[in-house]
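Asker: Here you go, model_39.cif (mmCIF, C-alpha atoms):
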data_protein
loop_
_atom_site.group_PDB
_atom_site.id
_atom_site.type_symbol
_atom_site.label_atom_id
_atom_site.label_comp_id
_atom_site.auth_asym_id
_atom_site.auth_seq_id
_atom_site.Cartn_x
_atom_site.Cartn_y
_atom_site.Cartn_z
ATOM 1 C CA MET G 17 171.089 145.721 182.075
ATOM 2 C CA HIS G 18 168.537 147.468 184.188
ATOM 3 C CA LYS G 19 165.580 145.698 185.612
ATOM 4 C CA ASP G 20 163.195 147.861 183.541
ATOM 5 C CA GLN G 21 165.022 146.957 180.308
ATOM 6 C CA LYS G 22 164.734 143.236 181.053
ATOM 7 C CA LEU G 23 161.010 143.628 181.667
ATOM 8 C CA PHE G 24 160.570 145.495 178.370
ATOM 9 C CA LEU G 25 162.467 142.868 176.384
ATOM 10 C CA GLY G 26 160.416 140.135 177.994
ATOM 11 C CA LEU G 27 157.159 141.795 176.978
ATOM 12 C CA VAL G 28 158.460 142.256 173.420
ATOM 13 C CA GLY G 29 159.388 138.559 173.239
ATOM 14 C CA VAL G 30 155.943 137.444 174.438
ATOM 15 C CA ALA G 31 154.312 139.711 171.866
ATOM 16 C CA MET G 32 156.465 138.249 169.040
ATOM 17 C CA ILE G 33 155.666 134.670 170.060
ATOM 18 C CA GLY G 34 151.905 135.475 170.070
ATOM 19 C CA ALA G 35 152.126 137.038 166.623
ATOM 20 C CA SER G 36 153.962 134.003 165.225
ATOM 21 C CA VAL G 37 151.322 131.606 166.593
ATOM 22 C CA PHE G 38 148.504 133.711 165.125
ATOM 23 C CA LEU G 39 150.154 133.857 161.711
ATOM 24 C CA GLY G 40 150.869 130.127 161.702
ATOM 25 C CA LEU G 41 147.251 129.260 162.462
ATOM 26 C CA LYS G 42 146.071 131.519 159.681
ATOM 27 C CA LEU G 43 148.380 129.912 157.119
ATOM 28 C CA LEU G 44 147.380 126.376 158.139
ATOM 29 C CA SER G 45 143.613 126.949 157.856
ATOM 30 C CA PRO G 46 141.990 125.255 154.742
ATOM 31 C CA ASP G 47 141.602 127.521 151.732
ATOM 32 C CA ASN G 48 143.115 130.302 153.785
ATOM 33 C CA VAL G 49 139.703 131.047 155.267
ATOM 34 C CA ASP G 50 139.739 133.454 158.167
ATOM 35 C CA ILE G 51 139.618 131.276 161.312
ATOM 36 C CA GLU G 52 137.616 133.921 163.115
ATOM 37 C CA ASN G 53 134.778 133.241 160.651
ATOM 38 C CA PRO G 54 134.949 129.466 160.057
ATOM 39 C CA SER G 55 131.423 129.404 158.626
ATOM 40 C CA VAL G 56 132.464 131.499 155.615
ATOM 41 C CA GLN G 57 133.211 129.180 152.662
ATOM 42 C CA ALA G 58 133.927 129.635 148.991
ATOM 43 C CA PRO G 59 130.742 129.543 146.855
ATOM 44 C CA ALA G 60 129.995 126.101 145.375
ATOM 45 C CA GLU G 61 130.387 125.749 141.634
ATOM 46 C CA THR G 62 127.093 125.705 139.719
ATOM 47 C CA PRO G 63 126.995 122.765 137.286
ATOM 48 C CA ALA G 64 126.827 123.869 133.683
ATOM 49 C CA GLU G 65 123.384 123.467 132.126
ATOM 50 C CA THR G 66 123.236 120.955 129.289
ATOM 51 C CA GLU G 67 120.808 121.208 126.419
ATOM 52 C CA THR G 68 118.668 118.124 125.812
ATOM 53 C CA PRO G 69 118.211 117.360 122.118
ATOM 54 C CA ALA G 70 114.728 118.154 120.898
ATOM 55 C CA GLU G 71 112.622 115.043 120.335
ATOM 56 C CA LYS G 72 111.789 114.364 116.722
ATOM 57 C CA PRO G 73 108.059 114.447 116.067
ATOM 58 C CA ALA G 74 106.609 110.972 115.535
ATOM 59 C CA GLN G 75 106.005 110.180 111.890
ATOM 60 C CA PRO G 76 102.325 109.483 111.163
ATOM 61 C CA LYS G 77 101.768 105.847 110.311
ATOM 62 C CA ALA G 78 100.465 105.059 106.847
ATOM 63 C CA LYS G 79 96.836 103.987 106.892
ATOM 64 C CA GLU G 80 96.055 100.361 106.157
ATOM 65 C CA TYR G 81 92.882 98.978 104.616
ATOM 66 C CA VAL G 82 91.098 95.689 104.169
ATOM 67 C CA ASN G 83 89.061 94.839 101.074
ATOM 68 C CA ILE G 84 85.572 93.490 101.676
ATOM 69 C CA VAL G 85 83.478 92.145 98.820
ATOM 70 C CA PHE G 86 79.773 92.939 98.828
ATOM 71 C CA ILE G 87 77.258 93.115 95.965
ATOM 72 C CA GLY G 88 76.049 96.202 94.140
ATOM 73 C CA GLN G 89 75.175 97.459 90.676
ATOM 74 C CA ASN G 90 77.065 99.112 87.859
ATOM 75 C CA GLU G 91 75.844 102.061 85.783
ATOM 76 C CA ASN G 92 73.762 99.659 83.678
ATOM 77 C CA HIS G 93 72.020 98.371 86.840
ATOM 78 C CA GLU G 94 73.708 94.998 86.468
ATOM 79 C CA GLU G 95 74.698 93.131 89.626
ATOM 80 C CA ILE G 96 78.427 93.093 90.264
ATOM 81 C CA TYR G 97 80.714 92.316 93.187
ATOM 82 C CA LYS G 98 81.670 95.566 94.913
ATOM 83 C CA ILE G 99 84.924 95.997 96.837
ATOM 84 C CA VAL G 100 84.561 98.179 99.916
ATOM 85 C CA LYS G 101 87.687 99.451 101.653
ATOM 86 C CA ARG G 102 87.653 99.672 105.433
ATOM 87 C CA GLU G 103 90.404 101.313 107.460
ATOM 88 C CA TYR G 104 92.271 98.788 109.533
ATOM 89 C CA SER G 105 94.656 99.043 112.522
ATOM 90 C CA PRO G 106 96.767 95.952 113.377
ATOM 91 C CA GLN G 107 97.180 97.195 116.964
ATOM 92 C CA ILE G 108 93.418 97.495 117.485
ATOM 93 C CA ASP G 109 91.861 95.036 115.011
ATOM 94 C CA GLY G 110 94.419 92.216 115.163
ATOM 95 C CA SER G 111 94.645 89.845 112.205
ATOM 96 C CA LYS G 112 93.869 91.382 108.799
ATOM 97 C CA ILE G 113 92.011 88.332 107.446
ATOM 98 C CA LYS G 114 89.999 87.981 110.659
ATOM 99 C CA TYR G 115 88.970 91.633 110.591
ATOM 100 C CA ALA G 116 88.021 91.412 106.911
ATOM 101 C CA ILE G 117 85.893 88.257 107.326
ATOM 102 C CA THR G 118 84.238 89.559 110.499
ATOM 103 C CA SER G 119 83.386 92.827 108.721
ATOM 104 C CA LEU G 120 81.996 90.884 105.756
ATOM 105 C CA ILE G 121 79.736 88.763 107.979
ATOM 106 C CA LEU G 122 78.464 91.879 109.789
ATOM 107 C CA GLY G 123 77.401 93.293 106.420
ATOM 108 C CA PRO G 124 77.540 96.732 104.815
ATOM 109 C CA LYS G 125 77.249 99.885 106.906
ATOM 110 C CA GLN G 126 74.239 102.179 106.649
ATOM 111 C CA GLY G 127 75.982 104.605 104.285
ATOM 112 C CA GLU G 128 76.978 101.722 102.015
ATOM 113 C CA LYS G 129 73.449 100.327 102.023
ATOM 114 C CA SER G 130 72.065 103.692 100.944
ATOM 115 C CA SER G 131 74.314 103.530 97.860
ATOM 116 C CA GLY G 132 72.807 100.167 96.853
ATOM 117 C CA ILE G 133 75.391 97.809 98.368
ATOM 118 C CA TYR G 134 74.115 94.628 100.026
ATOM 119 C CA SER G 135 75.248 91.138 101.062
ATOM 120 C CA GLU G 136 73.869 87.666 100.404
ATOM 121 C CA ILE G 137 75.297 86.324 103.670
ATOM 122 C CA PRO G 138 72.320 85.584 105.957
ATOM 123 C CA GLN G 139 71.840 87.772 109.010
ATOM 124 C CA GLY G 140 72.657 85.840 112.157
ATOM 125 C CA THR G 141 75.702 84.118 110.649
ATOM 126 C CA VAL G 142 78.481 84.008 113.252
ATOM 127 C CA VAL G 143 82.242 83.810 112.818
ATOM 128 C CA LEU G 144 83.099 80.931 115.153
ATOM 129 C CA ASN G 145 86.834 81.127 114.544
ATOM 130 C CA VAL G 146 89.496 82.421 112.178
ATOM 131 C CA GLN G 147 92.561 80.281 112.692
ATOM 132 C CA GLU G 148 95.826 81.279 111.067
ATOM 133 C CA ARG G 149 98.343 78.467 110.780
ATOM 134 C CA PRO G 150 101.774 78.653 109.139
ATOM 135 C CA ASP G 151 100.460 76.936 106.000
ATOM 136 C CA ARG G 152 96.751 77.880 105.885
ATOM 137 C CA VAL G 153 93.833 79.910 107.220
ATOM 138 C CA ILE G 154 90.678 78.197 108.492
ATOM 139 C CA LEU G 155 87.411 80.151 108.467
ATOM 140 C CA ASP G 156 84.839 78.511 110.714
ATOM 141 C CA LEU G 157 81.296 79.864 110.311
ATOM 142 C CA SER G 158 78.026 78.911 111.964
ATOM 143 C CA ARG G 159 75.532 76.744 110.059
ATOM 144 C CA LYS G 160 73.327 79.786 109.501
ATOM 145 C CA PHE G 161 75.718 80.702 106.640
ATOM 146 C CA GLU G 162 74.342 77.964 104.351
ATOM 147 C CA ASN G 163 70.657 78.289 105.194
ATOM 148 C CA GLY G 164 67.978 79.908 103.024
ATOM 149 C CA GLY G 165 68.039 82.115 99.962
ATOM 150 C CA GLY G 166 68.144 79.505 97.210
ATOM 151 C CA THR G 167 70.979 78.283 95.021
ATOM 152 C CA ASP G 168 71.798 81.647 93.418
ATOM 153 C CA SER G 169 72.122 83.276 96.829
ATOM 154 C CA VAL G 170 74.403 80.499 98.095
ATOM 155 C CA TYR G 171 76.672 80.922 95.072
ATOM 156 C CA LYS G 172 76.935 84.657 95.689
ATOM 157 C CA ARG G 173 77.697 84.353 99.410
ATOM 158 C CA LEU G 174 80.375 81.759 98.699
ATOM 159 C CA TYR G 175 81.986 84.058 96.145
ATOM 160 C CA GLN G 176 81.842 86.899 98.679
ATOM 161 C CA ILE G 177 83.805 84.752 101.121
ATOM 162 C CA ILE G 178 86.280 83.548 98.486
ATOM 163 C CA LYS G 179 86.943 86.996 97.008
ATOM 164 C CA THR G 180 87.259 88.682 100.412
ATOM 165 C CA ALA G 181 89.624 86.003 101.717
ATOM 166 C CA LYS G 182 91.852 86.131 98.641
ATOM 167 C CA ARG G 183 92.212 89.918 98.916
ATOM 168 C CA ASN G 184 93.366 89.818 102.532
ATOM 169 C CA THR G 185 95.748 86.861 102.793
ATOM 170 C CA GLU G 186 98.187 84.993 100.573
ATOM 171 C CA LYS G 187 97.768 81.712 102.446
ATOM 172 C CA PRO G 188 95.413 78.945 101.280
ATOM 173 C CA VAL G 189 91.971 79.398 102.862
ATOM 174 C CA TYR G 190 89.667 76.603 104.012
ATOM 175 C CA LEU G 191 85.978 77.007 104.870
ATOM 176 C CA TYR G 192 84.536 75.122 107.837
ATOM 177 C CA ILE G 193 80.899 74.998 108.981
ATOM 178 C CA ASP G 194 80.347 74.335 112.697
ATOM 179 C CA GLY G 195 83.872 72.989 113.100
ATOM 180 C CA LYS G 196 83.884 70.656 110.063
ATOM 181 C CA GLN G 197 85.435 71.244 106.653
ATOM 182 C CA ALA G 198 82.674 72.124 104.190
ATOM 183 C CA ASP G 199 82.518 69.924 101.093
ATOM 184 C CA VAL G 200 78.831 70.479 100.350
ATOM 185 C CA ILE G 201 76.937 73.731 101.010
ATOM 186 C CA GLY G 202 73.221 74.447 101.181
ATOM 187 C CA GLY G 203 70.077 72.400 100.794
ATOM 188 C CA ASP G 204 70.740 71.887 97.074
ATOM 189 C CA GLY G 205 74.099 70.287 97.824
ATOM 190 C CA ILE G 206 76.486 72.691 96.095
ATOM 191 C CA MET G 207 79.874 71.000 95.935
ATOM 192 C CA ILE G 208 82.967 73.023 96.838
ATOM 193 C CA SER G 209 86.627 72.071 96.587
ATOM 194 C CA GLN G 210 89.224 73.252 99.083
ATOM 195 C CA PRO G 211 91.305 75.358 99.510
ATOM 196 C CA LEU G 212 88.960 78.057 98.314
ATOM 197 C CA SER G 213 89.488 79.595 94.897
ATOM 198 C CA GLU G 214 87.423 81.122 92.113
ATOM 199 C CA ASN G 215 87.064 77.566 90.742
ATOM 200 C CA SER G 216 86.020 75.945 94.034
ATOM 201 C CA ILE G 217 82.272 75.970 93.383
ATOM 202 C CA GLY G 218 80.845 73.109 91.355
ATOM 203 C CA GLU G 219 78.188 74.006 88.798
#
Would you write out, as structure tokens, the structure that this file holds?

Answerer:
Amino acid sequence: MHKDQKLFLGLVGVAMIGASVFLGLKLLSPDNVDIENPSVQAPAETPAETETPAEKPAQPKAKEYVNIVFIGQNENHEEIYKIVKREYSPQIDGSKIKYAITSLILGPKQGEKSSGIYSEIPQGTVVLNVQERPDRVILDLSRKFENGGGTDSVYKRLYQIIKTAKRNTEKPVYLYIDGKQADVIGGDGIMISQPLSENSIGE
């Protein structure tokens, strides 16, 4: 074999070895990415969008009312006890019986007054406490409640309290004046029995 032939075969062998190395590197690269451009990567998968269920519209809450007993007149101009409904929210106004009694003591609103409704409960009367126990409700009013107006007025204000209480709680209700259970009301000494009922007031 001539010297030139040996040189040629040697060059061919080197070229074949180089090609094999190049091909091997290409096959071993991850994801068969061209090693000359290692920064080129397959595009990341976009997560599928999920639909969130539409929120159901909140159902409007049914309105609640308290019944407050004032005094008015019928079509024959005779005095009668008048029930006035006031809208009531437990979340805002708290206890139903407390809201009803407090509203009663505050008296009729201007629009109610203009229709002839009034109250015999003296202005300045204060609700000292409305205590709800498991077995009873205690209404504690200031002494102003029993002052002035005469016997007829005291009867009417007591009935306003009794009728309002009975329409806003099923528990027995007891009336206190300045922290003490009331057995006698007013200067004329009107006897009352407890718990309050339509028959509580002695004649």

Asker: Using the file's own x, y and z axes, so that the box edges lie along x, y and z, what centre and edge lengths in Å (one decimal) does a box around every listed atom of region 80-85 of chain G get when 6 Å is added on each side? Give it as AutoDock Vina command-line options.

Answerer:
--center_x 89.8 --center_y 96.3 --center_z 102.5 --size_x 24.6 --size_y 20.2 --size_z 19.3

Asker: Which residues, written as a ChimeraX atom specification, have at least one atom at most 12 Å from Val189 (chain G), with all atoms listed in the file counted and residues fewer than 4 positions away on the same chain left out?

Answerer: /G:113-114,117,146-156,177-185,197-198,209-214,216

Asker: Just say which residues the PyMOL selection byres ((chain G and resi 83) around 8) picks in this file, as a PyMOL selection string.

Answerer: chain G and resi 81-82+84-85+99-102+116+180+183-184

Asker: Report, in Å with one decimal, the straight-line distance from CA of Lys125 (chain G) to CA of Leu191 (chain G).

Answerer: 24.6 Å

Asker: Which polymer residues have any atom within 9 Å of an atom of region 91-98 of chain G, counting all atoms listed in the file, with same-chain residues fewer than 5 positions away left out, as a VMD selection string?

Answerer: chain G and resid 84 to 86 133 172 175 to 176

Asker: Write out as a list in words each polymer residue whose atoms come within 8 Å of Tyr104 (chain G), counting all atoms listed in the file; drop sequence neighbours fewer than 5 positions from it.

Answerer: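 Near Tyr104 (chain G), the qualifying residues are Lys79, Glu80, Tyr81, Val82, Asp109, Lys112 and Tyr115 of chain G.
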
Asker: What's the separation between CA of Ser119 (chain G) and CA of Ile208 (chain G), in Å to one decimal place?

Answerer: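 Between these atoms lies a distance of 23.1 Å.
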
Asker: Written as a PyMOL selection string, what is the full residue list that the PyMOL selection byres ((chain G and resi 157) around 6) yields on the file shown?

Answerer: chain G and resi 142-144+156+158+193

Asker: Work out how far apart CA of Glu103 (chain G) and CA of Arg159 (chain G) are and give it in Å to one decimal.

Answerer: 28.8 Å

Asker: Using all atoms listed in the file, pick whichever of G:Asn145, G:Ile121, G:Gly202, G:Ser131 has the shortest atom-to-atom distance to Gly165 (chain G).

Answerer: G:Gly202
